[in-house]
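Peer 1: Structure file run_31.txt (compact mmCIF, C-alpha atoms) is given on the next line.
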# COMPACT_ATOMS: atom_id res chain seq x y z
CA MET K 580 126.50 55.04 -119.65
CA ALA K 581 130.26 55.08 -119.85
CA GLY K 582 130.59 56.95 -116.55
CA GLN K 583 128.56 54.29 -114.81
CA ASN K 584 131.06 51.60 -115.85
CA ARG K 585 134.12 53.44 -114.49
CA PRO K 586 135.95 51.13 -112.06
CA THR K 587 136.32 52.30 -108.46
CA LEU K 588 138.67 51.18 -105.72
CA PRO K 589 137.17 49.29 -102.81
CA GLU K 590 137.06 51.29 -99.57
CA ASN K 591 139.76 49.16 -97.95
CA SER K 592 142.08 49.77 -100.94
CA LYS K 593 141.56 53.52 -100.63
CA ASP K 594 142.40 53.39 -96.95
CA ALA K 595 145.56 51.42 -97.68
CA ALA K 596 146.59 53.93 -100.35
CA ASP K 597 145.95 56.84 -97.99
CA ARG K 598 148.01 55.19 -95.27
CA SER K 599 150.81 54.53 -97.75
CA VAL K 600 150.91 58.19 -98.81
CA SER K 601 150.81 59.34 -95.19
CA THR K 602 153.66 56.99 -94.26
CA PHE K 603 155.75 58.26 -97.16
CA LEU K 604 155.17 61.89 -96.22
CA ASP K 605 156.11 61.15 -92.60
CA LEU K 606 159.32 59.46 -93.75
CA VAL K 607 160.27 62.41 -95.99
CA SER K 608 159.60 64.86 -93.14
CA HIS K 609 161.59 62.70 -90.72
CA LEU K 610 164.50 62.45 -93.17
CA GLY K 611 164.53 66.20 -93.77
CA ALA K 612 164.63 66.97 -90.05
CA ARG K 613 167.42 64.43 -89.50
CA VAL K 614 169.56 65.87 -92.33
CA ARG K 615 169.03 69.41 -91.05
CA LYS K 616 170.02 68.48 -87.48
CA ALA K 617 173.09 66.53 -88.65
CA ARG K 618 174.21 69.50 -90.73
CA GLN K 619 173.74 71.91 -87.81
CA ILE K 620 175.67 69.68 -85.41
CA LYS K 621 178.50 69.50 -87.94
CA ARG K 622 178.37 73.32 -88.13
CA MET K 623 178.07 73.02 -91.88
CA SER K 624 176.18 75.51 -94.00
CA ARG K 625 173.80 74.30 -96.68
CA ARG K 626 176.20 75.66 -99.29
CA GLU K 627 179.07 73.62 -97.82
CA LEU K 628 176.92 70.50 -97.82
CA SER K 629 176.01 71.23 -101.43
CA GLU K 630 179.66 71.51 -102.44
CA LYS K 631 180.66 68.30 -100.67
CA SER K 632 177.70 66.24 -101.91
CA GLY K 633 177.35 67.70 -105.39
CA ILE K 634 173.65 68.32 -104.75
CA SER K 635 172.18 71.78 -105.34
CA THR K 636 171.35 74.02 -102.39
CA ARG K 637 167.78 74.35 -103.72
CA TYR K 638 167.28 70.59 -103.64
CA LEU K 639 168.83 70.36 -100.16
CA ALA K 640 166.48 73.10 -98.95
CA GLN K 641 163.51 71.12 -100.29
CA LEU K 642 164.85 67.97 -98.64
CA GLU K 643 165.26 69.63 -95.24
CA ALA K 644 161.78 71.13 -95.53
CA GLY K 645 160.33 67.66 -96.00
CA GLU K 646 159.43 68.28 -99.62
CA GLY K 647 162.21 66.44 -101.45
CA ASN K 648 161.74 62.99 -103.00
CA ILE K 649 165.35 61.83 -102.79
CA SER K 650 166.80 58.67 -104.31
CA ILE K 651 168.97 56.19 -102.42
CA GLY K 652 171.97 57.26 -104.48
CA LEU K 653 171.57 60.94 -103.64
CA LEU K 654 170.86 60.15 -99.99
CA GLN K 655 174.13 58.20 -99.82
CA ARG K 656 175.97 61.26 -101.16
CA VAL K 657 174.36 63.44 -98.49
CA ALA K 658 175.31 60.93 -95.78
CA GLN K 659 178.92 60.74 -97.00
CA ALA K 660 179.18 64.53 -97.12
CA LEU K 661 177.95 64.69 -93.51
CA ASP K 662 180.29 61.83 -92.55
CA TYR K 663 177.33 59.81 -91.23
CA ARG K 664 176.05 56.36 -91.98
CA ILE K 665 173.08 56.43 -94.31
CA GLU K 666 171.00 54.37 -91.87
CA TRP K 667 171.43 57.08 -89.21
CA LEU K 668 169.45 59.45 -91.43
CA ILE K 669 166.41 57.20 -91.67
CA ALA K 670 166.50 55.17 -88.44
CA GLU K 671 163.71 55.72 -85.93
CA ASN K 672 166.16 56.43 -83.09
CA GLU K 673 168.46 59.42 -83.40
CA PRO K 674 172.15 58.55 -83.91
CA TRP K 675 172.90 60.97 -81.06
CA ASP K 676 171.01 58.76 -78.63
CA SER K 677 173.98 57.32 -76.78
CA GLU K 678 171.92 54.49 -75.25
CA THR K 679 171.13 53.07 -78.69
CA LEU K 680 174.69 53.35 -79.98
CA ARG K 681 176.05 51.91 -76.75
CA VAL K 682 174.08 48.72 -77.31
CA VAL K 683 175.38 48.53 -80.88
CA GLU K 684 178.97 49.03 -79.74
CA LEU K 685 178.65 46.38 -77.02
CA PHE K 686 177.28 43.92 -79.55
CA GLN K 687 180.09 44.62 -82.02
CA ARG K 688 182.77 44.11 -79.36
CA ALA K 689 181.26 40.88 -78.05
CA ASP K 690 182.55 37.42 -78.99
CA ARG K 691 180.49 34.91 -80.93
CA SER K 692 178.98 33.22 -77.89
CA VAL K 693 177.70 36.52 -76.51
CA LYS K 694 176.31 37.56 -79.90
CA ASP K 695 174.23 34.40 -79.90
CA THR K 696 172.48 35.50 -76.70
CA VAL K 697 169.95 38.27 -76.24
CA LEU K 698 171.15 41.88 -76.33
CA GLY K 699 170.18 42.26 -72.71
CA LYS K 700 173.12 40.05 -71.75
CA LEU K 701 175.46 42.66 -73.23
CA SER K 702 174.66 45.20 -70.54
CA SER K 703 174.94 42.72 -67.69
CA LYS K 704 178.45 43.95 -66.88
CA PRO K 705 178.31 47.17 -64.81
CA LEU K 706 179.19 50.25 -66.82
CA ASP K 707 181.45 51.45 -64.00
CA SER K 708 183.81 48.57 -64.76
CA HIS K 709 184.04 49.82 -68.36
CA ARG K 710 184.75 53.35 -67.19
CA ALA K 711 187.34 52.16 -64.64
CA HIS K 712 188.80 55.25 -62.95
CA ARG K 713 188.67 57.47 -66.02
CA ILE K 714 187.21 60.97 -65.78
CA CYS K 715 186.63 63.20 -68.81
CA PHE K 716 185.72 66.88 -69.02
CA ILE K 717 183.54 67.91 -71.96
CA GLY K 718 182.10 71.22 -73.11
CA LEU K 719 182.86 74.12 -75.40
CA ARG K 720 186.24 75.82 -75.50
CA GLY K 721 186.58 78.29 -72.65
CA ALA K 722 184.60 76.27 -70.14
CA GLY K 723 187.75 75.40 -68.17
CA LYS K 724 188.38 71.82 -69.28
CA SER K 725 192.16 72.08 -69.53
CA THR K 726 192.61 74.23 -66.43
CA LEU K 727 190.30 72.28 -64.13
CA GLY K 728 191.30 68.97 -65.67
CA ALA K 729 194.98 69.50 -64.94
CA LEU K 730 194.30 70.75 -61.41
CA ALA K 731 191.89 67.92 -60.61
CA ALA K 732 194.34 65.34 -61.94
CA ASP K 733 197.09 66.80 -59.77
CA THR K 734 195.01 66.69 -56.58
CA LEU K 735 193.80 63.17 -57.38
CA ARG K 736 197.29 62.03 -58.38
CA LEU K 737 196.11 60.88 -61.77
CA PRO K 738 197.68 61.50 -65.18
CA PHE K 739 196.12 64.33 -67.18
CA VAL K 740 195.75 64.01 -70.96
CA GLU K 741 194.36 66.39 -73.57
CA LEU K 742 193.01 64.36 -76.49
CA THR K 743 194.01 67.09 -78.93
CA ARG K 744 197.66 66.52 -77.99
CA VAL K 745 197.30 62.78 -78.59
CA ILE K 746 195.85 63.51 -82.03
CA GLU K 747 198.71 65.87 -82.85
CA ASP K 748 201.28 63.29 -81.72
CA MET K 749 199.66 60.63 -83.91
CA ALA K 750 199.58 62.90 -86.95
CA GLY K 751 202.98 64.48 -86.29
CA MET K 752 201.63 67.98 -86.85
CA PRO K 753 199.63 70.69 -85.04
CA GLN K 754 195.82 70.70 -85.11
CA GLN K 755 195.49 73.49 -87.69
CA ASP K 756 197.73 71.58 -90.10
CA ILE K 757 195.75 68.38 -89.56
CA MET K 758 192.57 70.22 -90.54
CA ALA K 759 194.30 71.71 -93.58
CA PHE K 760 195.74 68.40 -94.81
CA PHE K 761 193.02 65.91 -93.84
CA GLY K 762 189.90 68.05 -93.53
CA HIS K 763 187.16 67.77 -90.95
CA GLU K 764 186.38 64.12 -91.73
CA GLY K 765 190.02 63.08 -91.46
CA TYR K 766 190.37 64.88 -88.16
CA ARG K 767 187.31 63.11 -86.71
CA LYS K 768 188.74 59.72 -87.70
CA LEU K 769 192.03 60.56 -86.00
CA GLU K 770 190.08 61.70 -82.96
CA SER K 771 188.32 58.34 -82.73
CA GLN K 772 191.62 56.48 -83.07
CA ALA K 773 193.24 58.69 -80.44
CA LEU K 774 190.39 57.96 -78.03
CA ASP K 775 190.84 54.22 -78.59
CA ARG K 776 194.57 54.52 -77.87
CA THR K 777 193.90 56.56 -74.73
CA ILE K 778 191.39 54.04 -73.39
CA GLU K 779 193.70 51.09 -74.05
CA SER K 780 196.65 52.69 -72.27
CA ASN K 781 194.92 54.26 -69.25
CA GLU K 782 192.61 52.81 -66.62
CA ARG K 783 193.15 55.76 -64.27
CA MET K 784 193.26 59.25 -65.75
CA VAL K 785 191.67 62.63 -66.30
CA LEU K 786 190.97 63.56 -69.92
CA ALA K 787 189.93 66.80 -71.64
CA VAL K 788 188.40 66.65 -75.13
CA ALA K 789 187.49 69.19 -77.79
CA GLY K 790 183.95 70.51 -77.72
CA GLY K 791 183.12 69.12 -81.15
CA ILE K 792 183.61 65.47 -80.19
CA VAL K 793 179.88 65.23 -79.44
CA ALA K 794 179.13 65.76 -83.14
CA GLU K 795 180.39 62.28 -84.02
CA PRO K 796 177.84 59.84 -82.54
CA ALA K 797 180.01 56.70 -82.47
CA THR K 798 183.00 58.46 -80.89
CA TYR K 799 180.86 60.28 -78.34
CA SER K 800 179.02 57.09 -77.43
CA LYS K 801 182.38 55.41 -76.79
CA LEU K 802 183.46 58.33 -74.62
CA LEU K 803 180.28 58.12 -72.53
CA ASP K 804 180.69 54.37 -72.20
CA ARG K 805 184.34 54.39 -71.12
CA PHE K 806 184.58 57.57 -69.00
CA HIS K 807 182.82 59.25 -66.12
CA THR K 808 182.00 62.49 -67.93
CA ILE K 809 181.58 65.98 -66.46
CA TRP K 810 180.09 68.74 -68.60
CA LEU K 811 181.66 72.09 -67.74
CA ARG K 812 179.19 74.82 -68.62
CA ALA K 813 179.57 78.57 -68.93
CA SER K 814 177.62 81.48 -70.37
CA PRO K 815 178.29 82.36 -74.02
CA GLN K 816 179.97 85.62 -72.97
CA GLU K 817 182.30 83.84 -70.56
CA HIS K 818 183.21 81.28 -73.20
CA MET K 819 184.15 84.11 -75.55
CA ASP K 820 185.97 86.19 -72.91
CA ARG K 821 188.06 83.24 -71.68
CA VAL K 822 189.17 82.31 -75.19
CA ARG K 823 190.18 85.91 -75.86
CA ALA K 824 191.99 86.05 -72.49
CA GLN K 825 194.12 83.18 -73.76
CA GLY K 826 195.32 85.50 -76.51
CA ASP K 827 193.13 84.06 -79.27
CA GLU K 828 191.25 86.83 -81.08
CA ARG K 829 189.99 84.55 -83.86
CA PRO K 830 186.48 84.09 -82.46
CA MET K 831 185.70 87.79 -82.96
CA ALA K 832 188.13 88.82 -85.70
CA GLY K 833 186.17 90.12 -88.67
CA ASN K 834 183.05 88.28 -87.57
CA PRO K 835 180.39 90.51 -85.97
CA ALA K 836 178.01 87.52 -85.80
CA ALA K 837 180.44 85.43 -83.73
CA MET K 838 178.38 85.67 -80.53
CA ASP K 839 175.18 84.63 -82.30
CA GLN K 840 177.03 81.68 -83.83
CA LEU K 841 178.39 80.68 -80.42
CA LYS K 842 174.90 80.77 -78.90
CA SER K 843 173.62 78.64 -81.77
CA ILE K 844 176.36 76.05 -81.23
CA LEU K 845 175.57 75.89 -77.52
CA ALA K 846 171.86 75.45 -78.23
CA ASN K 847 172.47 72.71 -80.80
CA ARG K 848 174.83 70.77 -78.55
CA GLU K 849 173.11 71.26 -75.21
CA ALA K 850 171.16 67.99 -75.38
CA LEU K 851 174.34 66.13 -76.31
CA TYR K 852 176.44 67.62 -73.52
CA ALA K 853 173.59 66.91 -71.08
CA GLN K 854 174.19 63.17 -71.54
CA ALA K 855 177.29 63.51 -69.36
CA SER K 856 177.37 61.76 -65.98
CA ALA K 857 177.44 65.14 -64.21
CA GLN K 858 177.59 68.84 -65.03
CA LEU K 859 179.01 71.97 -63.43
CA ASP K 860 178.35 75.62 -64.31
CA THR K 861 181.61 77.59 -64.02
CA SER K 862 180.07 80.97 -64.90
CA GLY K 863 181.13 83.72 -62.50
CA ARG K 864 183.19 81.35 -60.38
CA SER K 865 186.88 81.40 -59.53
CA VAL K 866 189.15 78.53 -60.50
CA ASP K 867 189.52 77.50 -56.84
CA SER K 868 185.75 77.49 -56.32
CA SER K 869 185.15 75.46 -59.47
CA LEU K 870 187.90 73.00 -58.52
CA GLN K 871 186.32 72.43 -55.11
CA GLU K 872 182.99 71.75 -56.80
CA VAL K 873 184.63 69.33 -59.25
CA GLN K 874 186.20 67.44 -56.36
CA ALA K 875 182.83 67.32 -54.59
CA VAL K 876 181.12 65.94 -57.71
CA ILE K 877 183.77 63.24 -58.18
CA LYS K 878 183.43 62.22 -54.54
CA GLU K 879 179.63 62.33 -54.48
CA MET K 880 179.30 60.38 -57.75
CA LYS K 881 181.95 57.86 -56.57
CA PHE K 882 183.85 58.09 -59.85
CA LEU K 883 187.03 56.75 -58.24
CA ASP K 884 185.55 54.20 -55.82
Please go through the file and, once you have read it, give me the structure as structure tokens.
Peer 2:
Amino acid sequence: MAGQNRPTLPENSKDAADRSVSTFLDLVSHLGARVRKARQIKRMSRRELSEKSGISTRYLAQLEAGEGNISIGLLQRVAQALDYRIEWLIAENEPWDSETLRVVELFQRADRSVKDTVLGKLSSKPLDSHRAHRICFIGLRGAGKSTLGALAADTLRLPFVELTRVIEDMAGMPQQDIMAFFGHEGYRKLESQALDRTIESNERMVLAVAGGIVAEPATYSKLLDRFHTIWLRASPQEHMDRVRAQGDERPMAGNPAAMDQLKSILANREALYAQASAQLDTSGRSVDSSLQEVQAVIKEMKFLD
């Protein structure tokens, strides 16, 4: 009968097909999770990503849910809108893994003879020699980076630099105007260039950076590689109160969900900030108490030895 002559796939071919489908589904799920996390770190809504990429919010929702079958062309548009390399969205290792990016950066900086050797040779030089006597405070606004940074620099007799000021000097305009003229992507590029300039001109210093620097993997990896970093932590309420105490009412103005948004930002960035060399919780502590703890951390970790 005709049904008896119907061809069938060998068992091994069926297994191979099943594995192929499973691999594809895993890749789509992995890609969706990576796009969602990148968007959250950039503090970008799905609608904003849609407007920048030209891809509908419905399609982006399907993609992030692991249900979208996206083409290379559309994926490139998503990557460009997020200001990420397309390979970061599909690579096995997360782009926020500083160890992976550090190896890449070391390889790119190396001369031809070093590139011809194994990657292990690239890390043979102690990282402390890369970091020299540079200390950097990271964390969200209101954690005390500028205050403690300036005081620590004064007691250690080191120059104190705020990277935001370097960026403004390079652009010849204040931060808000930079964002207005160049957008978020342009600002991040200036931030990377400002960090390069700061590293080249200072072997001994204390630096304070904006909280969002961790959202750009390459720049943050460079910061971790070239500075002894201290994450200044604080509770969400203290972050908000300190910013308002500085006379800035913008965090709460007309935005009843501001505290929830702040908590979300802290949660999304916590793993990134935790890659710092050391961390200090400034919640409920006076400036003098926090400064003493900073000095103790620097001494204990031998950042200036």
Peer 1: Smallest atom-to-atom distance to Arg736 in chain K: which of K:Arg783, K:Ile717, K:Arg626, K:Ile757, using only C-alpha atoms?
Peer 2: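 Answer, going by the shortest atom-to-atom distance: K:Arg783.
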Peer 1: To one decimal place, how far is CA of Ile877 in chain K from CA of Ala787 in chain K in Å?
Peer 2: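 That distance, rounded to one decimal, is 15.2 Å.
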Peer 1: Measuring between only C-alpha atoms, which one of K:Thr734, K:Gln641, K:Ser862, K:Ser725 shows the shortest distance to His818 in chain K?
Peer 2: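 Among the listed residues, K:Ser862 lies closest to His818 in chain K.
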Peer 1: Work out how far CA of Ala711 in chain K is from CA of Gly723 in chain K, in Å to one decimal.
Peer 2: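 The value is 23.5 Å.
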Peer 1: Could you tell me how far CA of Asp839 in chain K lies from CA of Met819 in chain K, in Å and to one decimal?
Peer 2: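 It comes out at 11.2 Å.
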Peer 1: Between K:Arg710, K:His609, K:Arg821, K:Lys724, single out the one closest to Asp804 in chain K, counting all atoms listed in the file.
Peer 2: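 Result for the nearest residue to Asp804 in chain K: K:Arg710.
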Peer 1: Can you list, as a list in words, every protein, DNA or RNA residue that comes within 12 Å of Gln816 in chain K when you count all atoms listed in the file, leaving out same-chain residues fewer than 6 positions away?
Peer 2: Arg720, Gly721, Ala722, Val822, Arg823, Pro830, Met831, Ala837, Met838, Asp839, Gln840, Leu841, Lys842, Leu845, Ser862 and Gly863 of chain K
Peer 1: For the residues in the current selection, export C-alpha atoms as a PDB file, in the frame of the given file.
Peer 2:
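Below you can see result_24.pdb, which holds the result:
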ATOM      1  CA  ARG K 720     186.240  75.820 -75.500  1.00  0.00           C
ATOM      2  CA  GLY K 721     186.580  78.290 -72.650  1.00  0.00           C
ATOM      3  CA  ALA K 722     184.600  76.270 -70.140  1.00  0.00           C
ATOM      4  CA  VAL K 822     189.170  82.310 -75.190  1.00  0.00           C
ATOM      5  CA  ARG K 823     190.180  85.910 -75.860  1.00  0.00           C
ATOM      6  CA  PRO K 830     186.480  84.090 -82.460  1.00  0.00           C
ATOM      7  CA  MET K 831     185.700  87.790 -82.960  1.00  0.00           C
ATOM      8  CA  ALA K 837     180.440  85.430 -83.730  1.00  0.00           C
ATOM      9  CA  MET K 838     178.380  85.670 -80.530  1.00  0.00           C
ATOM     10  CA  ASP K 839     175.180  84.630 -82.300  1.00  0.00           C
ATOM     11  CA  GLN K 840     177.030  81.680 -83.830  1.00  0.00           C
ATOM     12  CA  LEU K 841     178.390  80.680 -80.420  1.00  0.00           C
ATOM     13  CA  LYS K 842     174.900  80.770 -78.900  1.00  0.00           C
ATOM     14  CA  LEU K 845     175.570  75.890 -77.520  1.00  0.00           C
ATOM     15  CA  SER K 862     180.070  80.970 -64.900  1.00  0.00           C
ATOM     16  CA  GLY K 863     181.130  83.720 -62.500  1.00  0.00           C
TER      17      GLY K 863
END
Peer 1: Env of Gly728 in chain K: 10 Å cut, atoms = all atoms listed in the file, seq-sep filter 4 positions within chain, self excluded. Answer as a list in words.
Peer 2: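 My list of contacting residues is Ile714, Cys715, Phe716, Gly723, Lys724, Ala732, Asp733, Pro738, Phe739, Val740, Glu741, Met784, Val785, Leu786, Ala787, Leu870 and Val873 of chain K.
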Peer 1: Any chance you could tabulate, as CSV, the residues of range 780-820 of chain K at most 10 Å from range 656-663 of chain K with each one's nearest atom pair and distance in Å to one decimal, using only C-alpha atoms, in chain and rising number order?
Peer 2:
residue,atom,partner,partner_atom,distance
K:Glu795,CA,K:Tyr663,CA,8.2
K:Pro796,CA,K:Tyr663,CA,8.7
K:Ala797,CA,K:Tyr663,CA,9.7
Peer 1: Counting only C-alpha atoms, which residue out of K:Val793, K:Ile746, K:Ile649, K:Ala836 sits closest to Val614 in chain K?
Peer 2: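 For Val614 in chain K, the nearest of the candidates is K:Ile649.
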Peer 1: Can you tell me, as a ChimeraX atom specification, what residues are no more than 10 Å from Gly611 in chain K when counting all atoms listed in the file, ignoring any on the same chain fewer than 5 positions away?
Peer 2: /K:605-606,616-617,639-647,668-669
